[in-house]
Amino acid sequence: MAKEMVAMILAGGQGSRLYALTDKLAKPAVPFGGKYRIIDFPLSNCVNSGIDTVGILTQYQPLVLNEYIGHGQPWDLDRLHGGVHVLPPYQKAQGSDWYKGTANAIYQNLSFLRRYDPEYVIILSGDQICKQDYNDFLEFHKAKGADFSVAVMEVPWDEASRFGLMVTDSDGRISEFQEKPKEPKSNLASMGIYIFNFDVLEKYLEADEANPESSNDFGNDILPALLRDGKKMFAYRFNGYWKDVGTISSLWEANMEVLNPESSGINLFDDDWKIYSRSSGKAAQYIADGAVVDNAMITNGCRIFGNVKHSILFAGVEVEEGAVVEDAVVMGNVKIGAGARVYHCIVGEDAVIGAGAVVGEHPEPGNEKNVATVGPGVKVGKNACVGGTAMVKEDVEEGGKC
Amino acid sequence: MLKNKHDAMAIIFANSYDNEVPSLVNERLMASIPFAGRYRLIDFTLSSLVECGIDNVSIIVKKNYRSLMRHLGSGRPWDLVRKNGGLNIVPPYAEKGIKVYNGRVEAVASIVEFLKACKEQYVFMTDSNIAYNFDFADMIRAHQESGADVTIAYKNEPIPYGFMNLQTTQTTDLYYTFDLDGDKITQINTNSKEYGPQNLSMNLYLIEREKLIAQIERAYAQGHVFYERDVLAPMLGTDKICGYEFKGYSARITDMVSYFDENMKLLNPENLNALFDGFNVYTTVRDDNPARYCSGSKVSNSLIADGCVIEGEVDNCVLFRGVHVGKGTRIKNSIIMQDTEIAGNCDIEYCIMDKEVNVASGKSIRGDKTFPVFVPAYKKIL
């Protein structure tokens with residue numbers, strides 16, 4: 001059965017800049033916003049935009065991600081025709097290949113796309129926090145009669161040189177790319193979200209694969225080839241919230257922005273554009289007598305006896321009496337012992353912070369990007385100290401420092 | 001917890017003791033009464049059954065069952081979408097010849113043909129007014145060890161106030177206490193008014209399927225209504241009926257006051273842990289965001305579900321999913337059900353607010369500890 005548009009989510013990235021958080025799981029599976037994982041955002045956007053056929057291209061540490069996606073029911077993507085499919089690299093009659101690049105990953109799954117005979121394919125990135133209606137984007141693509149469109153964000157001119165930029169004419173047609181240029185000619189940054197006409201995508205992926213010199217990457221190879229051939233390429237301006245959470249500090253920052261939806265623009269409380277996730281199935285949260293909770297988001301299964309300020313607590317976190325949690329992102333099932341102090345940091349799933357331990361510190365003004373990180377499952381011993389810039393992967397013994 | 005398939009099926013009576021909580025069942029039935037912040041009463045029984053590997057579950061409903069049907073859907077949250085067994089909801093008139101039933105005998109009679117077609121060796125029959133974490137597998141073990149014909153779960157506790165208040169001659173809501181010799185039941189008492197701890201039936205029975213079918217067919221032909229009074233009690237001399245003492249935590253809803261109290265008891269973390277630390281308890285997923293505690297809010301000793309947005313003060317409360325508490329509002333000693341919105345500067349104490357109530361700003365609503373004010377669902381207090 002033909003589908004108008006099929007989505008392909010690139011979810012193979014290691015996310016090495018998330019350090020301990022992505023040791024055992026792919027970046028799209030990293031928890032976010034109290035009860036979500038990053039991939040919930042593109043998946044929910046797809047469903048809310050009416051796309052019911054989604055391929056997820058996985059490669060690095062796919063176990064958690066595979067289990068999380070399952071057959072897609074939480075996103076309403078368990079369908080008779082279409083639905084969500086996890087697409088790892090696979091063995092073929094003639095050898096097998098890891099995905100060599102973003103374009104090669106899609107190339108290796110052209111047979112998946114052909115099954116649905118789509119008119120359009122939208123390529124999404126599995127490591128961005130963004131609420132976007134892909135239907136609006138498709139309408140734009142159709143109205144322009146484009147072969148290819150890319151979603152772009154306007155960024156401040158003084159930051160433009162950090163991005164891949166699209167130089168366009170007044171109609172939005174792309175005339176040039178600049179990859180992190182010293183002298184930007186545009187302030188339209190690519191979000192890495194593309195719509196292709198499927199026939200164009202198919203043709204260029206096959207040509208790219210035949211070229212041994214190619215790095216098989218959309219940005220480096222496919223897009224320049226389209227431009228060279230004078231294809232109709234358009235930039236679609238997106239004005240909503242968008243954040244690449246590729247680093248510890250940007251992940252921390254995006255979580256903190258969830259706490260201030262009025263000013264940050266990332267509103268998870270929007271009934272018209274719900275973000276779906278797999279439920280933890282835990283009981284309601286308990287806030288004890290004497291606990292202080294101020295400007296925080298807390299999820300089912302938490303037990304709070306201490307103080308929680310300006311923080312996000314995922315499902316099943318326990319904060320014992322006298323503990324103080326401030327400016328922190330505390331992932332699922334973390335235990336924070338009595339009297340511990342947890343400041344300005346990210347604590348990975350299942351970590352244990354011993355009684356009286358100190359994790360992170362309030363940074364000096366200007367050093368907000370220093371975010372202490374405790375890896376998933378790490379045990380920080382009693383009265384131990386994890387410094388404000390520390391990234392901890394191994395257990396810290398009682399009274400230890402790092 | 002290990003999930004071993006057990007050779008048992010279950011029948012749940014969803015309208016049990018409806019008469020005792022009239023306000024709560026105005027648009028629902030006992031089984032779908034909201035409890036503990038994010039559950040319906042039946043979630044506890046269903047989850048324990050499923051966690052014990054019992055996945056052929058029939059739910060017999062009598063009236064007001066739309067809300068339960070909506071809650072259960074296909075049974076997916078409890079993993080009850082099964083090719084063999086799964087969830088089977090039996091409304092009145094589901095079988096030919098049976099009208100709205102009065103007692104358990106007529107209710108089970110309506111599904112006798114279904115029971116005959118099942119293959120499981122044992123049947124659990126249970127009411128739906130108790131929240132617990134129950135090890136059904138252990139009860140099967142006890143049943144097999146004692147060689148009983150019927151095993152009845154009970155709790156050794158005083159008869160609840162709501163039951164004591166029942167007018168024995170004017171109610172069809174019966175409750176039972178036992179006299180025991182070891183684990184053997186020697187006497188079944190109906191609507192006893194004894195004080196002090198009694199062996200109080202949980203109305204949870206275990207019996208071999210073939211035996212149940214025979215009992216029900218005989219009792220139905222003789223015009224009997226109540227399973228315990230008319231079937232079990234006369235069997236005491238000839239058959240072995242055993243008690244199975246449940247020592248875990250349970251919350252039994254017998255009237256409005258117990259509904260209020262049992263919710264409030266969960267504000268003691270010991271009780272909360274006792275109810276939830278065994279088997280997982282499953283319920284429908286609503287995709288609410290995490291609860292948001294805004295700057296300036298103050299929450300203490302409360303059970304809060306996902307989806308709540310709290311700007312005001314909440315003390316000694318149970319808030320269900322999606323409740324909104326406006327700025328300057330103070331809520332104490334209250335139960336607020338899902339999606340109720342309370343605007344700013346309100347003062348609320350000893351209230352049970354059913355779902356989707358709207359309270360305009362500046363309102364003051366107060367009940368008393370012994371008489372919480374009940375606000376029905378969808379009410380607008382302007």
# chains A, B, ... in the order shown; residues from 1 in each chain; ligands from 1
>>> residues_around(residues="Pro88 of chain A", least_positions_apart="4", cutoff="6 Å", atoms="only C-alpha atoms", output="mmCIF file with N, CA and C atoms, in the first residue's frame")
data_model
loop_
_atom_site.group_PDB
_atom_site.id
_atom_site.type_symbol
_atom_site.label_atom_id
_atom_site.label_comp_id
_atom_site.auth_asym_id
_atom_site.auth_seq_id
_atom_site.Cartn_x
_atom_site.Cartn_y
_atom_site.Cartn_z
ATOM 1 N N LEU A 57 16.919 3.955 12.010
ATOM 2 C CA LEU A 57 18.194 3.365 11.616
ATOM 3 C C LEU A 57 19.115 3.330 12.810
ATOM 4 N N THR A 58 19.390 2.125 13.295
ATOM 5 C CA THR A 58 20.214 1.994 14.492
ATOM 6 C C THR A 58 21.526 1.320 14.145
ATOM 7 N N GLN A 59 22.519 1.577 14.939
ATOM 8 C CA GLN A 59 23.805 0.924 14.731
ATOM 9 C C GLN A 59 24.548 0.770 16.053
#
>>> interface_residues(of="chain A", to="chain B", cutoff="7 Å", atoms="only C-alpha atoms", output="list in words")
Gly34, Lys35, Leu268, Phe269, Tyr276, Ser277, Ser279, Gly281, Ala284, Gln285, Tyr286, Ile287, Ala288, Asp289, Gly290, Ala291, Val293, Asp294, Asn295, Ala296, Met297, Ile298, Thr299 and Asn300 of chain A
>>> select_by_dssp(residues="segment 11-194 of chain B", states="strand (DSSP E or B)", output="VMD selection string")
chain B and resid 11 to 13 34 to 35 39 to 40 56 to 60 86 to 90 122 to 126 130 to 132 150 to 158 176 to 181 184 to 190
>>> write_last_selection(atoms="C-alpha atoms", output="short mmCIF file (atom, residue, chain, number, x, y, z; two decimals), in the first residue's frame")
data_model
loop_
_atom_site.label_atom_id
_atom_site.label_comp_id
_atom_site.auth_asym_id
_atom_site.auth_seq_id
_atom_site.Cartn_x
_atom_site.Cartn_y
_atom_site.Cartn_z
CA ILE B 11 -14.07 -14.21 37.33
CA ILE B 12 -14.36 -10.69 38.74
CA PHE B 13 -17.64 -9.19 39.92
CA PRO B 34 -10.37 5.90 41.12
CA PHE B 35 -7.94 4.99 43.86
CA TYR B 39 -5.52 3.70 39.49
CA ARG B 40 -8.98 2.21 39.36
CA ASN B 56 -7.97 -15.70 31.31
CA VAL B 57 -10.09 -13.11 33.12
CA SER B 58 -13.85 -12.64 32.86
CA ILE B 59 -15.41 -9.52 34.32
CA ILE B 60 -19.10 -9.74 35.05
CA GLY B 86 -7.34 -12.64 27.78
CA LEU B 87 -10.05 -10.25 28.83
CA ASN B 88 -13.71 -11.19 28.59
CA ILE B 89 -16.28 -8.61 29.68
CA VAL B 90 -19.73 -10.04 30.33
CA TYR B 122 -9.13 -23.81 38.74
CA VAL B 123 -11.32 -20.73 38.91
CA PHE B 124 -10.81 -17.68 41.11
CA MET B 125 -13.94 -15.67 41.80
CA THR B 126 -13.52 -12.28 43.39
CA ILE B 130 -10.39 -4.34 47.70
CA ALA B 131 -7.04 -2.96 46.57
CA TYR B 132 -4.17 -5.32 47.35
CA VAL B 150 -13.25 -24.51 48.13
CA THR B 151 -10.71 -22.05 49.56
CA ILE B 152 -11.79 -18.57 50.65
CA ALA B 153 -9.34 -15.76 51.29
CA TYR B 154 -9.94 -13.77 54.46
CA LYS B 155 -8.35 -11.13 56.55
CA ASN B 156 -8.30 -11.12 60.30
CA GLU B 157 -9.57 -7.62 61.02
CA PRO B 158 -12.49 -5.85 62.65
CA TYR B 176 -19.25 -12.98 55.69
CA THR B 177 -17.12 -13.97 58.63
CA PHE B 178 -15.87 -17.46 59.43
CA ASP B 179 -15.32 -19.66 62.41
CA LEU B 180 -12.19 -21.69 61.81
CA ASP B 181 -10.79 -24.96 63.04
CA LYS B 184 -10.98 -25.43 57.97
CA ILE B 185 -14.09 -23.26 57.99
CA THR B 186 -16.67 -24.59 60.42
CA GLN B 187 -19.24 -21.83 60.28
CA ILE B 188 -20.05 -19.04 57.81
CA ASN B 189 -21.77 -16.03 59.41
CA THR B 190 -23.68 -13.57 57.27
#
>>> atom_distance(atom1="atom CA of Glu145 of chain B", atom2="atom CA of Tyr244 of chain B")
11.5 Å
>>> closest_residue(among="A:Asn260, A:Phe314, A:Val121, A:Gly360", to="Phe137 of chain A", atoms="only C-alpha atoms")
A:Val121
